[in-house]
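Have a look at my_file-v3.tsv; it's TSV, C-alpha atoms and all ligand atoms:
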```tsv
chain	number	residue	atom	x	y	z
A	14	MET	CA	0.52	-1.02	31.17
A	15	LYS	CA	1.14	-4.59	30.01
A	16	GLU	CA	3.60	-5.46	32.80
A	17	ALA	CA	1.24	-4.25	35.50
A	18	THR	CA	-2.02	-5.68	34.22
A	19	GLY	CA	-1.51	-8.08	31.32
A	20	VAL	CA	-3.62	-5.82	29.11
A	21	VAL	CA	-2.13	-4.33	25.94
A	22	PRO	CA	-4.02	-1.29	24.62
A	23	GLY	CA	-5.10	-1.69	20.99
A	24	LEU	CA	-5.85	0.87	18.29
A	25	ALA	CA	-7.63	-0.03	15.05
A	26	VAL	CA	-7.23	2.28	12.06
A	27	ILE	CA	-9.45	2.04	8.99
A	28	LEU	CA	-8.07	3.69	5.86
A	29	VAL	CA	-10.10	3.82	2.65
A	30	GLY	CA	-8.46	4.81	-0.63
A	31	ASP	CA	-4.96	5.91	-1.59
A	32	ARG	CA	-4.58	9.56	-0.64
A	33	ALA	CA	-0.87	10.05	-0.12
A	34	GLU	CA	-1.23	12.28	2.96
A	35	SER	CA	-3.66	9.89	4.63
A	36	ALA	CA	-1.25	7.01	4.10
A	37	THR	CA	1.56	9.09	5.68
A	38	TYR	CA	-0.57	9.94	8.72
A	39	VAL	CA	-1.65	6.34	9.21
A	40	ARG	CA	1.96	5.17	8.93
A	41	ASN	CA	3.03	7.74	11.54
A	42	LYS	CA	0.25	6.62	13.89
A	43	LYS	CA	1.27	2.99	13.54
A	44	LYS	CA	4.92	3.83	14.22
A	45	ALA	CA	3.99	5.85	17.31
A	46	CYS	CA	1.89	2.93	18.64
A	47	GLY	CA	4.91	0.66	18.22
A	48	HIS	CA	7.10	3.06	20.23
A	49	VAL	CA	4.82	3.05	23.25
A	50	GLY	CA	3.59	-0.56	23.23
A	51	ILE	CA	0.10	-0.10	21.81
A	52	ASN	CA	-1.05	-2.87	19.45
A	53	SER	CA	-2.15	-1.50	16.12
A	54	PHE	CA	-4.65	-3.12	13.80
A	55	GLU	CA	-4.94	-1.71	10.33
A	56	VAL	CA	-7.48	-2.21	7.60
A	57	HIS	CA	-6.71	-0.69	4.21
A	58	LEU	CA	-9.61	-0.81	1.77
A	59	PRO	CA	-9.66	0.28	-1.88
A	60	ALA	CA	-11.31	3.63	-2.71
A	61	ASN	CA	-14.24	1.90	-4.43
A	62	SER	CA	-15.20	-0.18	-1.39
A	63	SER	CA	-18.77	0.07	-0.22
A	64	GLU	CA	-19.91	1.86	2.91
A	65	GLU	CA	-21.28	-1.49	4.12
A	66	GLU	CA	-17.80	-2.94	4.03
A	67	VAL	CA	-16.47	-0.13	6.22
A	68	LEU	CA	-19.43	-0.58	8.59
A	69	LYS	CA	-18.70	-4.31	8.78
A	70	TYR	CA	-15.12	-3.68	9.95
A	71	ILE	CA	-16.31	-1.09	12.44
A	72	SER	CA	-18.75	-3.55	13.99
A	73	GLU	CA	-16.03	-6.21	14.19
A	74	PHE	CA	-13.70	-3.78	15.96
A	75	ASN	CA	-16.53	-2.61	18.22
A	76	ALA	CA	-16.90	-6.21	19.40
A	77	ASP	CA	-13.18	-7.07	19.58
A	78	PRO	CA	-11.91	-7.03	23.19
A	79	ASN	CA	-8.32	-6.43	21.99
A	80	VAL	CA	-9.34	-3.13	20.39
A	81	HIS	CA	-9.81	-0.14	22.69
A	82	GLY	CA	-9.75	2.63	20.10
A	83	ILE	CA	-11.13	2.89	16.55
A	84	LEU	CA	-10.10	5.58	14.09
A	85	VAL	CA	-11.60	5.94	10.62
A	86	GLN	CA	-9.18	8.10	8.68
A	87	LEU	CA	-10.88	11.13	7.10
A	88	PRO	CA	-11.71	12.22	4.49
A	89	LEU	CA	-13.65	9.18	3.26
A	90	PRO	CA	-14.31	8.75	-0.48
A	91	SER	CA	-17.21	10.96	-1.58
A	92	HIS	CA	-19.63	8.07	-2.19
A	93	MET	CA	-19.65	7.28	1.53
A	94	ASN	CA	-21.78	9.01	4.13
A	95	GLU	CA	-19.31	10.20	6.74
A	96	GLN	CA	-22.04	10.70	9.31
A	97	ASN	CA	-23.24	7.08	9.06
A	98	VAL	CA	-19.70	5.82	9.42
A	99	LEU	CA	-18.77	7.98	12.42
A	100	ASN	CA	-22.10	7.14	14.13
A	101	ALA	CA	-21.25	3.44	13.87
A	102	VAL	CA	-18.08	3.65	15.97
A	103	SER	CA	-18.89	2.66	19.54
A	104	MET	CA	-18.68	5.82	21.64
A	105	GLU	CA	-16.62	3.84	24.18
A	106	LYS	CA	-13.92	3.30	21.52
A	107	ASP	CA	-14.22	6.67	19.79
A	108	VAL	CA	-10.63	7.83	20.43
A	109	ASP	CA	-11.00	10.51	17.73
A	110	GLY	CA	-13.87	12.06	19.70
A	111	PHE	CA	-15.94	12.42	16.52
A	112	HIS	CA	-19.07	10.54	17.64
A	113	PRO	CA	-21.98	13.00	17.95
A	114	LEU	CA	-22.56	11.92	21.57
A	115	ASN	CA	-18.97	12.78	22.47
A	116	ILE	CA	-19.13	16.12	20.62
A	117	GLY	CA	-22.49	16.84	22.23
A	118	GLN	CA	-21.09	16.28	25.72
A	119	LEU	CA	-18.16	18.56	24.84
A	120	ALA	CA	-20.61	21.33	24.01
A	121	MET	CA	-22.73	20.93	27.17
A	122	ARG	CA	-21.95	22.52	30.52
A	123	ASP	CA	-21.05	20.23	33.42
A	124	ARG	CA	-20.70	17.22	31.14
A	125	GLU	CA	-17.58	15.26	30.33
A	126	PRO	CA	-17.18	13.59	26.94
A	127	LEU	CA	-15.45	10.18	27.01
A	128	PHE	CA	-13.01	11.46	24.37
A	129	VAL	CA	-11.93	14.88	23.12
A	130	PRO	CA	-10.79	15.20	19.47
A	131	CYS	CA	-7.01	14.79	19.27
A	132	THR	CA	-5.92	17.91	17.38
A	133	PRO	CA	-7.80	20.44	19.54
A	134	LYS	CA	-6.78	18.49	22.64
A	135	GLY	CA	-3.15	18.75	21.50
A	136	CYS	CA	-3.57	22.54	21.10
A	137	MET	CA	-4.87	22.82	24.68
A	138	GLU	CA	-2.06	20.63	25.97
A	139	LEU	CA	0.46	23.00	24.35
A	140	LEU	CA	-1.22	26.03	25.99
A	141	HIS	CA	-1.19	24.27	29.37
A	142	ARG	CA	2.39	23.01	29.17
A	143	TYR	CA	3.67	26.46	28.24
A	144	GLY	CA	1.75	28.10	31.08
A	145	VAL	CA	-0.51	30.22	28.87
A	146	ASN	CA	-3.36	31.84	30.79
A	147	ILE	CA	-6.73	31.05	29.22
A	148	LYS	CA	-9.33	32.16	31.75
A	149	GLY	CA	-10.89	35.51	30.83
A	150	LYS	CA	-8.71	35.87	27.70
A	151	ARG	CA	-9.99	36.60	24.21
A	152	ALA	CA	-9.44	33.66	21.89
A	153	VAL	CA	-10.07	33.57	18.16
A	154	VAL	CA	-10.35	30.29	16.29
A	155	ILE	CA	-10.07	30.52	12.53
A	156	GLY	CA	-11.93	27.62	10.90
A	157	ARG	CA	-15.05	25.78	12.15
A	158	SER	CA	-14.63	22.19	10.98
A	159	ASN	CA	-16.02	19.35	13.06
A	160	ILE	CA	-12.55	17.90	13.53
A	161	VAL	CA	-10.56	21.00	14.51
A	162	GLY	CA	-12.07	24.50	14.64
A	163	MET	CA	-15.39	23.78	16.33
A	164	PRO	CA	-14.06	21.51	19.11
A	165	ALA	CA	-11.07	23.85	19.64
A	166	ALA	CA	-13.48	26.74	20.27
A	167	LEU	CA	-15.56	24.59	22.65
A	168	LEU	CA	-12.46	23.57	24.62
A	169	LEU	CA	-11.28	27.18	24.96
A	170	GLN	CA	-14.73	28.18	26.15
A	171	ARG	CA	-14.80	25.36	28.70
A	172	GLU	CA	-11.64	26.91	30.14
A	173	ASP	CA	-13.32	30.33	30.40
A	174	ALA	CA	-11.86	32.07	27.37
A	175	THR	CA	-14.16	34.41	25.45
A	176	ILE	CA	-14.23	32.99	21.95
A	177	SER	CA	-14.85	34.22	18.43
A	178	ILE	CA	-14.95	31.89	15.46
A	179	VAL	CA	-13.78	33.21	12.11
A	180	HIS	CA	-14.81	31.35	8.93
A	181	SER	CA	-15.01	31.84	5.18
A	182	ARG	CA	-18.01	34.20	5.43
A	183	THR	CA	-16.59	36.38	8.21
A	184	SER	CA	-16.09	40.01	7.27
A	185	SER	CA	-12.87	41.70	8.46
A	186	PRO	CA	-11.28	38.50	9.78
A	187	GLU	CA	-7.98	40.30	10.39
A	188	GLU	CA	-9.65	42.91	12.60
A	189	ILE	CA	-11.27	40.21	14.76
A	190	THR	CA	-8.08	38.18	14.93
A	191	ARG	CA	-6.11	41.25	16.05
A	192	GLN	CA	-8.17	41.38	19.24
A	193	ALA	CA	-7.11	37.92	20.33
A	194	ASP	CA	-4.77	37.00	23.16
A	195	ILE	CA	-4.84	33.42	21.83
A	196	VAL	CA	-5.19	32.52	18.14
A	197	ILE	CA	-5.81	29.02	16.81
A	198	ALA	CA	-5.57	28.85	13.01
A	199	ALA	CA	-7.14	25.81	11.32
A	200	VAL	CA	-8.03	26.91	7.82
A	201	GLY	CA	-5.97	25.08	5.22
A	202	GLN	CA	-4.64	28.23	3.47
A	203	ALA	CA	-0.86	28.56	3.33
A	204	ASN	CA	0.52	31.62	5.16
A	205	MET	CA	-2.90	33.31	5.41
A	206	LEU	CA	-2.31	35.01	8.78
A	207	ARG	CA	0.15	37.82	8.28
A	208	GLY	CA	2.07	39.74	10.93
A	209	ASN	CA	-0.46	42.57	10.98
A	210	TRP	CA	-3.30	40.17	11.96
A	211	ILE	CA	-1.73	39.55	15.35
A	212	LYS	CA	-1.84	41.60	18.53
A	213	PRO	CA	1.69	42.08	19.90
A	214	GLY	CA	2.33	39.44	22.56
A	215	ALA	CA	-0.47	37.09	21.47
A	216	VAL	CA	-0.01	33.30	21.56
A	217	VAL	CA	-0.46	31.64	18.17
A	218	ILE	CA	-1.20	27.96	17.52
A	219	ASP	CA	-0.87	26.98	13.86
A	220	VAL	CA	-2.82	23.83	12.99
A	221	GLY	CA	-2.64	24.21	9.22
A	222	ILE	CA	-0.64	21.76	7.15
A	223	ASN	CA	-0.25	22.93	3.57
A	224	ARG	CA	2.00	21.69	0.81
A	225	VAL	CA	3.72	24.41	-1.20
A	226	GLU	CA	6.08	23.91	-4.12
A	227	ASP	CA	9.74	23.87	-3.18
A	228	PRO	CA	12.18	22.94	-5.94
A	229	THR	CA	15.04	22.79	-3.41
A	230	SER	CA	13.40	19.92	-1.51
A	231	PRO	CA	13.89	16.35	-2.78
A	232	ARG	CA	10.11	15.81	-2.55
A	233	GLY	CA	9.44	18.97	-4.60
A	234	TYR	CA	7.30	20.51	-1.87
A	235	LYS	CA	7.51	21.67	1.71
A	236	LEU	CA	4.95	21.92	4.50
A	237	VAL	CA	3.84	25.32	5.78
A	238	GLY	CA	1.13	26.35	8.21
A	239	ASP	CA	-1.79	28.76	7.92
A	240	VAL	CA	0.34	31.36	9.68
A	241	CYS	CA	3.13	33.31	7.98
A	242	TYR	CA	5.74	32.20	10.50
A	243	GLU	CA	8.48	34.67	9.51
A	244	GLU	CA	6.22	37.66	10.08
A	245	VAL	CA	4.20	36.44	13.02
A	246	CYS	CA	7.14	35.17	15.08
A	247	LYS	CA	8.25	38.81	15.38
A	248	VAL	CA	4.89	39.90	16.83
A	249	ALA	CA	3.64	36.95	18.88
A	250	SER	CA	4.98	36.00	22.30
A	251	ALA	CA	4.79	32.32	21.34
A	252	ILE	CA	4.04	30.41	18.14
A	253	THR	CA	3.97	26.74	17.11
A	254	PRO	CA	6.00	25.68	14.05
A	255	VAL	CA	4.86	23.62	11.06
A	256	PRO	CA	6.00	20.91	10.80
A	257	GLY	CA	6.88	19.83	14.33
A	258	GLY	CA	4.10	21.62	16.22
A	259	VAL	CA	0.48	20.53	16.46
A	260	GLY	CA	0.88	17.51	14.13
A	261	PRO	CA	3.00	15.41	16.50
A	262	MET	CA	0.77	16.52	19.41
A	263	THR	CA	-2.25	15.11	17.55
A	264	ILE	CA	-0.59	11.73	17.44
A	265	ALA	CA	0.44	11.95	21.10
A	266	MET	CA	-3.18	12.69	22.08
A	267	LEU	CA	-4.40	9.73	20.03
A	268	LEU	CA	-2.08	7.44	21.98
A	269	SER	CA	-3.19	9.04	25.23
A	270	ASN	CA	-6.88	8.60	24.36
A	271	THR	CA	-6.24	4.95	23.43
A	272	LEU	CA	-4.50	4.26	26.75
A	273	ALA	CA	-7.29	6.01	28.66
A	274	SER	CA	-9.84	3.92	26.78
A	275	ALA	CA	-8.10	0.64	27.62
A	276	LYS	CA	-7.94	1.66	31.28
A	277	ARG	CA	-11.60	2.63	31.33
A	278	ILE	CA	-12.76	-0.56	29.60
A	279	HIS	CA	-10.73	-2.67	32.07
A	280	ASN	CA	-11.64	-0.55	35.09
A	281	PHE	CA	-8.07	0.55	35.88
A	282	HIS	CA	-7.50	4.02	37.24
A	301	LIG	N1	-1.93	19.27	12.67
A	301	LIG	C1	-2.93	18.41	12.66
A	301	LIG	O1	-2.92	17.48	13.41
A	301	LIG	C2	-4.07	18.61	11.75
A	301	LIG	C3	-3.98	19.56	10.77
A	301	LIG	N2	-5.03	19.82	9.96
A	301	LIG	C4	-4.86	20.91	9.00
A	301	LIG	O2	-5.61	22.03	9.47
A	301	LIG	C5	-6.18	22.75	8.39
A	301	LIG	C6	-7.70	22.79	8.58
A	301	LIG	O3	-8.21	21.48	8.54
A	301	LIG	P1	-9.78	21.18	8.62
A	301	LIG	O4	-10.36	21.87	9.79
A	301	LIG	O5	-9.93	19.72	8.49
A	301	LIG	O6	-10.25	21.91	7.25
A	301	LIG	P2	-11.68	22.16	6.61
A	301	LIG	O7	-11.42	22.42	5.17
A	301	LIG	O8	-12.64	21.12	7.02
A	301	LIG	O9	-12.15	23.53	7.30
A	301	LIG	C7	-11.54	24.73	7.01
A	301	LIG	C8	-12.23	25.85	7.75
A	301	LIG	O10	-11.58	27.07	7.41
A	301	LIG	C9	-12.54	28.01	6.95
A	301	LIG	N3	-11.94	28.83	5.89
A	301	LIG	C10	-11.54	28.44	4.66
A	301	LIG	N4	-11.03	29.49	3.97
A	301	LIG	C11	-11.10	30.55	4.80
A	301	LIG	C12	-10.74	31.91	4.68
A	301	LIG	N5	-10.17	32.39	3.56
A	301	LIG	N6	-10.95	32.73	5.74
A	301	LIG	C13	-11.49	32.27	6.87
A	301	LIG	N7	-11.86	30.97	7.05
A	301	LIG	C14	-11.67	30.15	6.02
A	301	LIG	C15	-13.70	27.22	6.42
A	301	LIG	O11	-14.86	28.03	6.53
A	301	LIG	P3	-16.35	27.51	6.16
A	301	LIG	O12	-16.77	26.69	7.33
A	301	LIG	O13	-17.12	28.78	6.04
A	301	LIG	O14	-16.21	26.75	4.90
A	301	LIG	C16	-13.70	26.02	7.37
A	301	LIG	O15	-14.45	26.30	8.54
A	301	LIG	C17	-5.69	22.01	7.14
A	301	LIG	O16	-4.51	22.64	6.69
A	301	LIG	C18	-5.40	20.62	7.62
A	301	LIG	O17	-4.42	19.97	6.84
A	301	LIG	C19	-6.22	19.15	10.10
A	301	LIG	C20	-6.36	18.17	11.05
A	301	LIG	C21	-5.28	17.81	11.94
A	302	LIG	N1	-10.04	10.28	11.69
A	302	LIG	C1	-9.08	11.19	11.56
A	302	LIG	N2	-8.41	11.62	12.64
A	302	LIG	C2	-7.42	12.54	12.53
A	302	LIG	O1	-6.81	12.95	13.54
A	302	LIG	C3	-7.10	13.03	11.22
A	302	LIG	C4	-7.82	12.55	10.13
A	302	LIG	N3	-8.81	11.64	10.33
A	302	LIG	N4	-7.56	12.99	8.88
A	302	LIG	C5	-6.48	13.91	8.60
A	302	LIG	C6	-6.13	14.78	9.80
A	302	LIG	C7	-4.72	15.30	9.72
A	302	LIG	N5	-4.02	14.75	10.87
A	302	LIG	C8	-2.65	14.87	11.11
A	302	LIG	C9	-1.99	14.09	12.02
A	302	LIG	C10	-0.62	14.19	12.19
A	302	LIG	C11	0.12	15.07	11.45
A	302	LIG	C12	1.60	15.12	11.60
A	302	LIG	O2	2.21	14.30	12.25
A	302	LIG	N6	2.27	16.11	10.99
A	302	LIG	C13	3.72	16.27	10.99
A	302	LIG	C14	4.27	16.22	9.56
A	302	LIG	C15	3.91	14.96	8.83
A	302	LIG	C16	4.32	15.01	7.35
A	302	LIG	O3	5.54	14.98	7.08
A	302	LIG	O4	3.42	15.10	6.49
A	302	LIG	C17	4.08	17.62	11.58
A	302	LIG	O5	3.22	18.53	11.55
A	302	LIG	O6	5.20	17.78	12.04
A	302	LIG	C18	-0.53	15.88	10.56
A	302	LIG	C19	-1.91	15.81	10.40
A	302	LIG	C20	-4.88	13.96	11.55
A	302	LIG	N7	-6.10	13.96	11.01
```
Now that the file is in, can you turn its structure into structure tokens?
Ligand SMILES: NC(=O)C1=CN([C@@H]2O[C@H](COP(=O)(O)OP(=O)(O)OC[C@H]3O[C@@H](n4cnc5c(N)ncnc54)[C@H](OP(=O)(O)O)[C@@H]3O)[C@@H](O)[C@H]2O)C=CC1
Ligand SMILES: Nc1nc(=O)c2c([nH]1)NC[C@@H]1CN(c3ccc(C(=O)N[C@@H](CCC(=O)O)C(=O)O)cc3)C=[N+]21
Amino acid sequence: MKEATGVVPGLAVILVGDRAESATYVRNKKKACGHVGINSFEVHLPANSSEEEVLKYISEFNADPNVHGILVQLPLPSHMNEQNVLNAVSMEKDVDGFHPLNIGQLAMRDREPLFVPCTPKGCMELLHRYGVNIKGKRAVVIGRSNIVGMPAALLLQREDATISIVHSRTSSPEEITRQADIVIAAVGQANMLRGNWIKPGAVVIDVGINRVEDPTSPRGYKLVGDVCYEEVCKVASAITPVPGGVGPMTIAMLLSNTLASAKRIHNFH
């Protein structure tokens, strides 16, 4: 983009606290920006910072013409009000798609949000790229969080799937899941979906990232999904691995949203 227009897209990431996973994700995002020529701006605040401090950085980035995307890494420390913080990000720079106005547009018919949340968008991109039919199919999303499950279900519905959402209070989750042509698992429970939860030939997207002990690994743990890969790969027609599946797609969608934002702000098409 720079060669053609002189504009370099910019992504600002705000990280509060020292959660090891969050630091890894932020590092990966920064590295990916470097690969594709997106400027990254990072603010790392201590866990005991005040909400006002976070809001101050957000308003600086909202006003900064070199910044086209703002991401506040979640979860925030418990003394902060996540809703206040996410509301403060300008919806024009909300590359995470977490602003209530963007989510609201996603839920409404015949409306287009400026940004779609990266992880669910990455799941849809995988379905599209692998030629999976969505229209008229039964899709089950397991998990209903604001950042993954709920927007994933909305996206599937926008593409004419018939959706069911399974959550922690659902009775007979395996029976409901077995009816699905497309399954998106975003729960946070290692290996929860067993082979007998899946209809033969179904397409399975595993969003979960769970650490389980692994004495053979130098780190002492390994990453596994919410889906028992060994069992389900024998039943499903397609399945995403963990790691190396939805995670890298999330980062790719973040870069794509940031580029789209820079183009929109500068009126390039
Ligand atoms: N690959 C990627 O890019 C990303 C991966 N993740 C991973 O995805 C997973 C989910 O993340 P996130 O959505 O943020 O998690 P949350 O903890 O916010 O949400 C989990 C959801 O799963 C539901 N749930 C929990 N236990 C069960 C159960 N036993 N049966 C059925 N439903 C259950 C909860 O139900 P209820 O609403 O009733 O509490 C909730 O809706 C995690 O492993 C996370 O690390 C997350 C973001 C990005
Ligand atoms: N504001 C905000 N936006 C997010 O998008 C957001 C967030 N907060 N908080 C946490 C979750 C989680 N998330 C991941 C991104 C990449 C990988 C990823 O690259 N995973 C690699 C493995 C990385 C590793 O080794 O740990 C893989 O699956 O192959 C994982 C998870 C984004 N999230």
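Among the candidates A:Glu64, A:Glu95, A:Glu138, A:Asp109, the residue lying nearest to A:Ala25 is A:Asp109 (atoms considered: all atoms listed in the file).
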- Show which residues sit within 7 Å of A:Leu206, as a list in words. Count only C-alpha atoms, and ignore same-chain residues fewer than 5 positions away. Asp239, Val240 and Cys241 of chain A
- Query: Which one is closest to A:Ile147: A:Ile195, A:Val217, A:Ile264, A:Ile160? Count only C-alpha atoms.
  - Reply: A:Ile195
- Item | Top pick for closest residue to A:Pro164, considering A:Gly110, A:Pro59, A:Pro256, A:Gly23 and counting all atoms listed in the file | A:Gly110
- Message: Counting all atoms listed in the file, what are the residues, protein, DNA or RNA alike, that approach ligand LIG 301 (chain A) to within 8 Å? I want them as a PyMOL selection string.
- Response: chain A and resi 131-132+155-162+179-183+186+198-203+205+219-223+238-239+258-264
Residue contacts of A:Asn209 (8 Å, all atoms listed in the file) excluding same-chain residues fewer than 6 positions away, as a compact mmCIF listing (two decimals) with C-alpha atoms, keeping the file's coordinate frame:
```txt
# COMPACT_ATOMS: atom_id res chain seq x y z
CA GLU A 187 -7.98 40.30 10.39
CA ARG A 191 -6.11 41.25 16.05
CA VAL A 245 4.20 36.44 13.02
```
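Separating atom CA of A:Gly149 from atom CA of A:Ser177 is a distance of 13.1 Å.
Interatomic distance, atom CA of A:Gln170 against atom CA of A:Arg124: 13.4 Å.
Nearest-residue note for ligand LIG 302 (chain A): choosing from A:Leu58, A:Ile211, A:Val108, A:Met93, the minimum distance belongs to A:Val108, counting all atoms listed in the file.
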- Residue list as a list in words for point (1.6, 28.7, 18.7), cut-off 8 Å, only C-alpha atoms: Val196, Ile197, Val216, Val217, Ile218, Asp219, Ala251, Ile252, Thr253, Pro254 and Gly258 of chain A
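Among the candidates A:Thr190, A:Thr18, A:Gln96, A:Gln86, the one nearest to ligand LIG 302 (chain A) when counting only C-alpha atoms and all ligand atoms is A:Gln86.
Shell of A:Ser274 at 9 Å, with only C-alpha atoms counted and residues fewer than 3 places along the chain excluded, is A:Pro22, A:His81, A:Gly82, A:Glu105, A:Lys106, A:Asp107, A:Val108, A:Leu127, A:Phe128, A:Ser269, A:Asn270, A:Thr271, A:Arg277, A:Ile278, A:His279.
In terms of minimum interatomic distance to ligand LIG 302 (chain A), A:Lys235 ranks closest within A:Lys235, A:Arg151, A:Arg171, A:Lys212, counting only C-alpha atoms and all ligand atoms.
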- Query: Mind pulling up the distance from atom CA of A:Met104 to atom CA of A:Ala152?
  - Reply: 29.3 Å
Limit the output to N, CA and C atoms and give stretch 237-248 of chain A as a PDB file, in the first residue's frame.
```pdb
ATOM      1  N   VAL A 237      -3.829 -27.928  22.977  1.00  0.00           N
ATOM      2  CA  VAL A 237      -4.834 -28.771  22.319  1.00  0.00           C
ATOM      3  C   VAL A 237      -6.117 -27.960  22.174  1.00  0.00           C
ATOM      4  N   GLY A 238      -6.962 -28.412  21.269  1.00  0.00           N
ATOM      5  CA  GLY A 238      -8.218 -27.698  21.030  1.00  0.00           C
ATOM      6  C   GLY A 238      -9.333 -28.168  21.949  1.00  0.00           C
ATOM      7  N   ASP A 239     -10.555 -27.739  21.628  1.00  0.00           N
ATOM      8  CA  ASP A 239     -11.747 -28.203  22.343  1.00  0.00           C
ATOM      9  C   ASP A 239     -12.248 -29.516  21.758  1.00  0.00           C
ATOM     10  N   VAL A 240     -11.661 -29.910  20.629  1.00  0.00           N
ATOM     11  CA  VAL A 240     -12.096 -31.103  19.918  1.00  0.00           C
ATOM     12  C   VAL A 240     -11.028 -32.185  20.092  1.00  0.00           C
ATOM     13  N   CYS A 241     -11.471 -33.405  20.382  1.00  0.00           N
ATOM     14  CA  CYS A 241     -10.547 -34.533  20.484  1.00  0.00           C
ATOM     15  C   CYS A 241     -10.152 -34.928  19.058  1.00  0.00           C
ATOM     16  N   TYR A 242      -9.039 -34.378  18.615  1.00  0.00           N
ATOM     17  CA  TYR A 242      -8.653 -34.463  17.194  1.00  0.00           C
ATOM     18  C   TYR A 242      -8.543 -35.906  16.721  1.00  0.00           C
ATOM     19  N   GLU A 243      -7.903 -36.756  17.526  1.00  0.00           N
ATOM     20  CA  GLU A 243      -7.645 -38.145  17.114  1.00  0.00           C
ATOM     21  C   GLU A 243      -8.945 -38.873  16.805  1.00  0.00           C
ATOM     22  N   GLU A 244      -9.972 -38.631  17.624  1.00  0.00           N
ATOM     23  CA  GLU A 244     -11.256 -39.307  17.384  1.00  0.00           C
ATOM     24  C   GLU A 244     -12.037 -38.645  16.254  1.00  0.00           C
ATOM     25  N   VAL A 245     -12.085 -37.327  16.303  1.00  0.00           N
ATOM     26  CA  VAL A 245     -12.983 -36.620  15.380  1.00  0.00           C
ATOM     27  C   VAL A 245     -12.445 -36.643  13.948  1.00  0.00           C
ATOM     28  N   CYS A 246     -11.143 -36.695  13.778  1.00  0.00           N
ATOM     29  CA  CYS A 246     -10.617 -36.690  12.406  1.00  0.00           C
ATOM     30  C   CYS A 246     -11.036 -37.950  11.646  1.00  0.00           C
ATOM     31  N   LYS A 247     -11.443 -38.975  12.376  1.00  0.00           N
ATOM     32  CA  LYS A 247     -11.904 -40.209  11.705  1.00  0.00           C
ATOM     33  C   LYS A 247     -13.369 -40.110  11.262  1.00  0.00           C
ATOM     34  N   VAL A 248     -14.095 -39.145  11.819  1.00  0.00           N
ATOM     35  CA  VAL A 248     -15.540 -39.046  11.555  1.00  0.00           C
ATOM     36  C   VAL A 248     -15.856 -37.864  10.636  1.00  0.00           C
TER      37      VAL A 248
END
```
